[in-house]
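Undergrad: First the structure, then my questions, so here it is.
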Amino acid sequence: MAKHQFQTEVGQLLQLMTHSLYSNKEIFIRELVSNSSDAIDKLNYLRLTDDNLKADYADWKGEINITFDEADKSLTIIDNGVGMNEEDLIASIGTIAKSGTKSFVEALTGDAKKDSNLIGQFGVGFYSVFMVASSVDVISKKAGEETAYKWTSTGTGEFDLAPCTKESNGTVIYIKLKDEEASEFASKYRIKNIVGKYSNHIAYPIFLNYKEEVTETLSEEDKKAGKEAVKSIEDKREKINEATALWMQPKAKLKDEDYNDFYKSISHDSSEPMLTIHTKTEGVNEYTTLFYIPKIAPMDMYRADFQSGVKLYVKRVFITDSEKELLPTYLRFVRGIIDSEDLPLNVSREILQENRILANIKQSSVKKILSEIKKLSKDEEKYAEFIAQYIRPLKEGVYQDHMNKEAILDLLRYKSTKAETGKLTSLEDYKHRADTEQKAIFYIVGENEKILRSSPLLESYNKNNIEVLILDDKEIDEIITPTMGAYKDWEFKDITACEPPKVEQSEEAKKEVEEKFQDITKKIKDKLGDAVKDVKVTNRLSESPSCVVKDVADAQMAQMMQMMRAMGQEMPQSAPILEINPEHEIVKKLNGCADESTIEDVSWILLDQAKLSEGMEITDTVAFAKRLSRITAKAL
Ligand SMILES: Nc1ncnc2c1ncn2[C@@H]1O[C@H](COP(=O)(O)OP(=O)(O)OP(=O)(O)O)[C@@H](O)[C@H]1O
C-alpha cells in the first residue's frame with residue numbers, strides 16, 4: 001500500500017471540512033451523487049463513441065445506488081460510471097484541479113465560522129464528505145481497464161492507495177460516519193429527503209438499498225389458531241428520484257420549485273437563481289435550452305481558467321461541460337443546459353467549435369438570454385441587483401459581440417450627472433432627457449466617482465444643462481467605452497477629448513481673447529516644457545482656473561496604450577493639453593505678471609492642481625507643495 005501526501009491546498013481544505021461548523025452538511029450527498037452522475041454521463045458518451053467500449057457496454061444502463069448501515073454507522077454511494085484508475089485518483093482526489101475550488105481556497109479567511117459559510121457559496125465537491133466522515137474509502141475501476149484501486153483517507157494530511165479487486169467498472173464511496181453524524185445520515189428518511197431535494201432530476205435512477213424488519217401477515221385462520229407472526233429482515237430497493245431530464249418536461253408541468261431545485265443540483269449554489277430561461281425550439285434545428293443566471297456572480301468569473309457553466313447534451317446524452325464557447329465568454333456567468341436533437345452523438349469536442357448547428361443554437365441562445373435580461377430590466381429593484389453583479393461582463397459584450405451590440409448597450413446602466421444619487425441611468429433615458437439636437441452621449445472616465453463629479457471639465461456641461469455619464473470603473477471603461485461608437489446614432493464622446501459644448505461667443509471675441517493671452521500661454525508652455533502638449537485659453541471653465549484635456553488624436557492612441565498597459569507593457573503617458581480660464585483671477589493676474597519665477601511657479605500650480613482635481617497623479621508632489629508655499633508667502 002502506498003501512502004501519498006495531499007497537495008497543501010487540499011490539506012487546508014480538509015482541515016476546514018473536518019472541523020466544519022457549517023450547518024448544511026447534507027450537501028455532501030448532493031456533491032457525491034453529482035459526481036456519480038457525471039461519471040455515468042462520461043461512460044454514456046464513451047460507449048457511443050469509443051470503439052473499444054461499444055460492444056461491452058451495448059446494454060449498459062447507468063444507475064446510482066445508495067446503501068446505509070445503522071449498526072456500522074456507514075453510508076455507501078455506488079455508481080457504474082466511467083470509474084477512476086490510479087492516476088485519476090491521485091489527480092482528482094488528492095489535488096485541487098478545478099478553478100471553483102481554487103477560488104474557494106483562496107477566499108478562505110482563517111476564521112472558521114466565516115469560512116464554513118463559504119462552503120455554501122462554492123460547493124467544494126468530493127472533499128465536502130469530510131464534514132461528516134471519520135474515514136472514506138473510494139474503490140474504483142475504470143471502464144475498459146483490468147485493475148481496480150482503493151483510496152483511503154481519514155482526511156488528515158495523507159491518503160493510502162493500493163490495487164484491489166472489484167468486479168465491474170464504476171466507483172464505490174464507502175463513508176464511515178463520525179459518531180455524532182451517524183444517527184442523522186444513516187437514515188432512510190433523511191437520505192430520501194436529501195436526494196429528493198437536490199438530486200431529483202439527475203437523469204439516472206438513484207436506488208436506496210436498505211434492510212428492513214418485516215412482520216409476516218397472518219391469515220385470519222392462522223390468527224385464530226394463535227400463530228405468532230414471524231419477523232424477518234428483508235432487503236429493500238427503492239427508486240428515490242424522478243430520473244428524468246427536467247429540461248425535457250413541458251414548461252406547464254414544472255413549478256418554480258422544480259426549476260430552482262434543478263439549478264441547485266447543477267450549480268452547487270445554495271441560493272435560488274436570479275433568472276430562469278427555459279426554451280424549446282422546433283424547426284430547422286430542434287433543441288432545448290435551460291439557462292439560469294445566478295443571484296451572485298460565480299467566484300471564478302474573473303479568472304482566466306473559469307469553468308464553463310453550460311453542459312451540452314445530444315438527445316439527453318451528455319457530451320461536454322468543458323466547452324467554454326457554447327455561449328460567448330461575456331455570458332460566462334450563465335449556468336444550464338443545451339440539449340440538441342440534431343447534432344451527431346459522436347461529434348468530437350474539437351469540431352464542436354466549427355459546427356453550424358451549434359453556432360445557430362449559440363446565436364439564438366444569446367438573443368434569448370439578452371431579451372430575458374431586458375425583460376428583467378423593467379423591474380428596477382431586481383435589475384439593480386443584476387447590474388451590481390454583471391455590469392462588467394456585459395460591458396465586455398459590447399466589445400466582443402458586434403451583432404448584439406445595440407441590445408447589450410440597451411442593458412447597460414451608468415452613473416450620471418443627472419441620475420438621482422445612488423441610481424443609474426440607461427442610455428435610452430439619457431437620450432430621452434437630452435436635447436434632440438445633441439446627438440452625442442458625453443462621458444468622463446476615472447477611478448473615483450467623487451473626483452469625477454467635481455472635475456472642472458464638467459463645469460461647461462453643467463452650465464449648458466448637458467448630462468454627462470460618470471464612468472468610474474476605469475479598468476474596463478477606459479478600454480471599452482472608446483470602442484462603443486454610437487448608440488442609436490448618438491456618438492459617445494469623452495469630455496476630456498472633445499470640444500466643450502457651444503457657448504455664446506463670436507469668432508471675433510474668441511480671437512480677441514486668444515490674442516490678449518497669446519504671450520502668457522506661450523510663456524506657460526515654455527515653463528512647462530514637455531509636461532504639456534500645448535497651452536490654450538478656454539471657455540469651457542467657469543469656476544476653475546485651469547483644466548487638462550487629451551488631444552483628440554492622442555485619445556485614440558490612449559486606448560491602445562491602455563490595453564498594452566493592461567497586458568503588462570510599459571507605455572509612456574502622452575502629455576495633456578493645459579487649458580486656462582481667461583475669466584479667472586489667477587489667469588488674469590498672471591497675464592500681467594512680469595516676475596519670471598512667479599510665472600514659473602504659477603504655471604506648474606495651474607497644471608498640477610488641474611491634474612489633481614481630475615483625479616490624475618502629479619509627477620512631483622514635493623515641488624508642488626514648495627511652489628504653493630512660495631506663492632502663498634508672496635500673497636500674504
Ligand atoms: N464517482 C466518481 N466517478 C468517477 N470520477 C469521479 C467520481 N467522483 C469524483 N471523480 C473525479 O474526481 C474529480 C473531482 O471531484 P470533485 O467533486 O472534487 O470536483 P468536480 O466534480 O470536478 O467539480 P464540480 O463539483 O464543480 O463538478 C472529478 O472531476 C472526477 O474526475
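Labels used: A, B, ... for chains in the order of the C-alpha cells, numbers from 1 for residues in each chain, and numbers from 1 for ligands as shown.
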Would you pick out the contacts of Thr417 of chain A at 8 Å or less, using only C-alpha atoms, so that residues sharing its chain but fewer than 6 positions from it are not included, and give the list as a list in words?
TA: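 Selected residues are Arg453, Glu467, Val468, Leu469 and Ile470 of chain A.
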Undergrad: Restricting it to N, CA and C atoms, dump the selection as a PDB file, in the first residue's frame.
TA:
ATOM      1  N   ARG A 453     -17.030  63.647 -10.315  1.00  0.00           N
ATOM      2  CA  ARG A 453     -18.179  64.552 -10.205  1.00  0.00           C
ATOM      3  C   ARG A 453     -17.764  66.001  -9.973  1.00  0.00           C
ATOM      4  N   GLU A 467     -26.107  66.528 -19.803  1.00  0.00           N
ATOM      5  CA  GLU A 467     -25.820  65.397 -18.913  1.00  0.00           C
ATOM      6  C   GLU A 467     -24.509  64.712 -19.317  1.00  0.00           C
ATOM      7  N   VAL A 468     -23.743  64.290 -18.325  1.00  0.00           N
ATOM      8  CA  VAL A 468     -22.501  63.560 -18.599  1.00  0.00           C
ATOM      9  C   VAL A 468     -22.507  62.264 -17.782  1.00  0.00           C
ATOM     10  N   LEU A 469     -22.191  61.162 -18.432  1.00  0.00           N
ATOM     11  CA  LEU A 469     -22.117  59.875 -17.724  1.00  0.00           C
ATOM     12  C   LEU A 469     -20.818  59.810 -16.930  1.00  0.00           C
ATOM     13  N   ILE A 470     -20.931  59.313 -15.703  1.00  0.00           N
ATOM     14  CA  ILE A 470     -19.764  59.212 -14.824  1.00  0.00           C
ATOM     15  C   ILE A 470     -19.316  57.754 -14.826  1.00  0.00           C
TER      16      ILE A 470
END
Undergrad: Show which residues sit within 8 Å of Glu428 of chain A, as a ChimeraX atom specification. Count only C-alpha atoms, and ignore same-chain residues fewer than 3 positions away.
TA: /A:410,431-432
Undergrad: Keeping only C-alpha atoms, write those residues as a PDB file, in the first residue's frame.
TA:
ATOM      1  CA  ASP A 410     -29.652  48.846 -24.046  1.00  0.00           C
ATOM      2  CA  LYS A 431     -31.232  60.282 -24.762  1.00  0.00           C
ATOM      3  CA  HIS A 432     -34.740  60.953 -23.651  1.00  0.00           C
TER       4      HIS A 432
END
Undergrad: What do you get as a count of residues only if you pick all residues at most 9 Å from ligand 1, counting only C-alpha atoms and all ligand atoms?
TA: 51
Undergrad: Fewer than 2 positions away in the same chain doesn't count, so skip those; otherwise give me all residues within 12 Å of Asp477 of chain A, counting only C-alpha atoms, as a PyMOL selection string.
TA: chain A and resi 391-396+398-399+412+414+443-447+469-475+479-484+494+559+562-563
Undergrad: Using only N, CA and C atoms, please write the residues we just selected to a file, as a compact mmCIF listing (two decimals), in the first residue's frame.
TA:
# COMPACT_ATOMS: atom_id res chain seq x y z
N ILE A 391 -22.51 43.90 -14.54
CA ILE A 391 -22.28 45.00 -15.48
C ILE A 391 -20.94 44.84 -16.23
N ARG A 392 -19.93 44.32 -15.53
CA ARG A 392 -18.61 44.21 -16.18
C ARG A 392 -18.62 43.25 -17.36
N PRO A 393 -19.07 41.99 -17.17
CA PRO A 393 -19.11 41.12 -18.35
C PRO A 393 -20.00 41.68 -19.45
N LEU A 394 -21.08 42.37 -19.09
CA LEU A 394 -21.92 42.95 -20.15
C LEU A 394 -21.15 43.97 -20.97
N LYS A 395 -20.33 44.76 -20.26
CA LYS A 395 -19.53 45.76 -20.99
C LYS A 395 -18.56 45.05 -21.94
N GLU A 396 -18.02 43.91 -21.49
CA GLU A 396 -17.15 43.14 -22.39
C GLU A 396 -17.92 42.75 -23.64
N VAL A 398 -20.15 44.36 -25.28
CA VAL A 398 -20.23 45.44 -26.27
C VAL A 398 -19.03 45.32 -27.21
N TYR A 399 -17.92 44.94 -26.63
CA TYR A 399 -16.67 44.87 -27.35
C TYR A 399 -16.58 43.58 -28.18
N LEU A 412 -27.01 48.29 -20.52
CA LEU A 412 -26.02 48.92 -19.64
C LEU A 412 -26.65 50.02 -18.79
N TYR A 414 -25.45 53.41 -16.15
CA TYR A 414 -24.31 54.23 -15.74
C TYR A 414 -24.70 55.25 -14.68
N TYR A 443 -19.35 61.47 -21.79
CA TYR A 443 -18.93 60.71 -20.61
C TYR A 443 -17.56 61.13 -20.14
N ILE A 444 -17.29 60.80 -18.88
CA ILE A 444 -15.95 61.04 -18.33
C ILE A 444 -15.54 59.77 -17.59
N VAL A 445 -14.29 59.35 -17.78
CA VAL A 445 -13.83 58.09 -17.17
C VAL A 445 -12.78 58.37 -16.10
N GLY A 446 -12.85 57.63 -15.02
CA GLY A 446 -11.83 57.75 -13.97
C GLY A 446 -12.04 56.68 -12.93
N GLU A 447 -11.28 56.80 -11.81
CA GLU A 447 -11.37 55.75 -10.80
C GLU A 447 -12.28 56.11 -9.65
N LEU A 469 -22.19 61.16 -18.43
CA LEU A 469 -22.12 59.88 -17.72
C LEU A 469 -20.82 59.81 -16.93
N ILE A 470 -20.93 59.31 -15.70
CA ILE A 470 -19.76 59.21 -14.82
C ILE A 470 -19.32 57.75 -14.83
N LEU A 471 -18.23 57.48 -15.51
CA LEU A 471 -17.77 56.08 -15.63
C LEU A 471 -16.61 55.85 -14.67
N ASP A 472 -16.89 55.25 -13.52
CA ASP A 472 -15.82 55.16 -12.52
C ASP A 472 -15.22 53.76 -12.40
N ASP A 473 -15.48 52.90 -13.38
CA ASP A 473 -14.82 51.59 -13.38
C ASP A 473 -13.71 51.67 -14.44
N LYS A 474 -12.69 52.46 -14.10
CA LYS A 474 -11.70 52.86 -15.10
C LYS A 474 -11.09 51.67 -15.85
N GLU A 475 -10.76 50.64 -15.08
CA GLU A 475 -10.07 49.48 -15.65
C GLU A 475 -10.76 48.98 -16.92
N ILE A 479 -11.10 51.02 -21.60
CA ILE A 479 -10.84 50.20 -22.79
C ILE A 479 -12.09 50.08 -23.65
N ILE A 480 -13.22 49.84 -22.99
CA ILE A 480 -14.44 49.52 -23.74
C ILE A 480 -15.11 50.76 -24.34
N THR A 481 -15.22 51.82 -23.53
CA THR A 481 -16.06 52.93 -23.99
C THR A 481 -15.64 53.55 -25.33
N PRO A 482 -14.34 53.76 -25.54
CA PRO A 482 -13.98 54.36 -26.84
C PRO A 482 -14.35 53.47 -28.03
N THR A 483 -14.61 52.18 -27.78
CA THR A 483 -14.95 51.31 -28.90
C THR A 483 -16.47 51.22 -29.10
N MET A 484 -17.22 51.89 -28.23
CA MET A 484 -18.68 51.71 -28.30
C MET A 484 -19.29 52.41 -29.51
N ASP A 494 -15.92 61.38 -25.18
CA ASP A 494 -15.16 61.54 -23.95
C ASP A 494 -14.95 63.04 -23.73
N GLN A 559 -6.28 54.56 -25.98
CA GLN A 559 -6.99 53.30 -25.77
C GLN A 559 -6.04 52.12 -26.05
N GLN A 562 -3.57 51.94 -23.25
CA GLN A 562 -4.18 51.40 -22.04
C GLN A 562 -4.24 49.87 -22.10
N MET A 563 -4.58 49.38 -23.30
CA MET A 563 -4.64 47.92 -23.49
C MET A 563 -3.27 47.30 -23.30
Undergrad: Could you give me, as JSON, numbers by chain, each residue of segment 299-429 of chain A that DSSP assigns to helix (DSSP H, G or I) when run on this structure's backbone?
TA: {"A": [329, 330, 331, 351, 352, 353, 354, 356, 357, 358, 359, 360, 361, 362, 363, 364, 365, 366, 367, 368, 369, 370, 371, 372, 373, 374, 375, 376, 380, 381, 382, 383, 384, 385, 386, 387, 388, 389, 390, 391, 392, 393, 394, 395, 396, 397, 398, 399, 400, 402, 403, 404, 405, 406, 407, 408, 409, 410, 411, 427, 428, 429]}
Undergrad: One decimal, Å: what's the distance from atom CA of Tyr204 of chain A over to atom CA of Gly62 of chain A, could you say?
TA: 6.3 Å
Undergrad: Do you have the atom CA of Cys593 of chain A-atom CA of Asp519 of chain A distance handy?
TA: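 It comes out at 11.2 Å.
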Undergrad: For Glu325 of chain A, work out the shell of residues within 10 Å, counting only C-alpha atoms and skipping chain neighbours fewer than 4 positions away, then give it as a list in words.
TA: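 The residues satisfying every condition are Ser308, Val310, Thr329, Leu331, Arg332, Leu352, Gln353, Leu358, Ala359 and Lys362 of chain A.
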Undergrad: Give me a file of those residues, with C-alpha atoms, as a PDB file, in the first residue's frame.
TA:
ATOM      1  CA  SER A 308     -17.969  26.746 -18.186  1.00  0.00           C
ATOM      2  CA  VAL A 310     -23.219  25.196 -19.544  1.00  0.00           C
ATOM      3  CA  THR A 329     -17.378  34.400 -22.895  1.00  0.00           C
ATOM      4  CA  LEU A 331     -22.050  35.353 -20.731  1.00  0.00           C
ATOM      5  CA  ARG A 332     -19.798  33.016 -18.739  1.00  0.00           C
ATOM      6  CA  LEU A 352     -17.774  21.451 -31.928  1.00  0.00           C
ATOM      7  CA  GLN A 353     -16.464  24.949 -32.342  1.00  0.00           C
ATOM      8  CA  LEU A 358     -24.170  24.619 -32.596  1.00  0.00           C
ATOM      9  CA  ALA A 359     -23.379  28.078 -33.954  1.00  0.00           C
ATOM     10  CA  LYS A 362     -25.484  29.712 -29.694  1.00  0.00           C
TER      11      LYS A 362
END
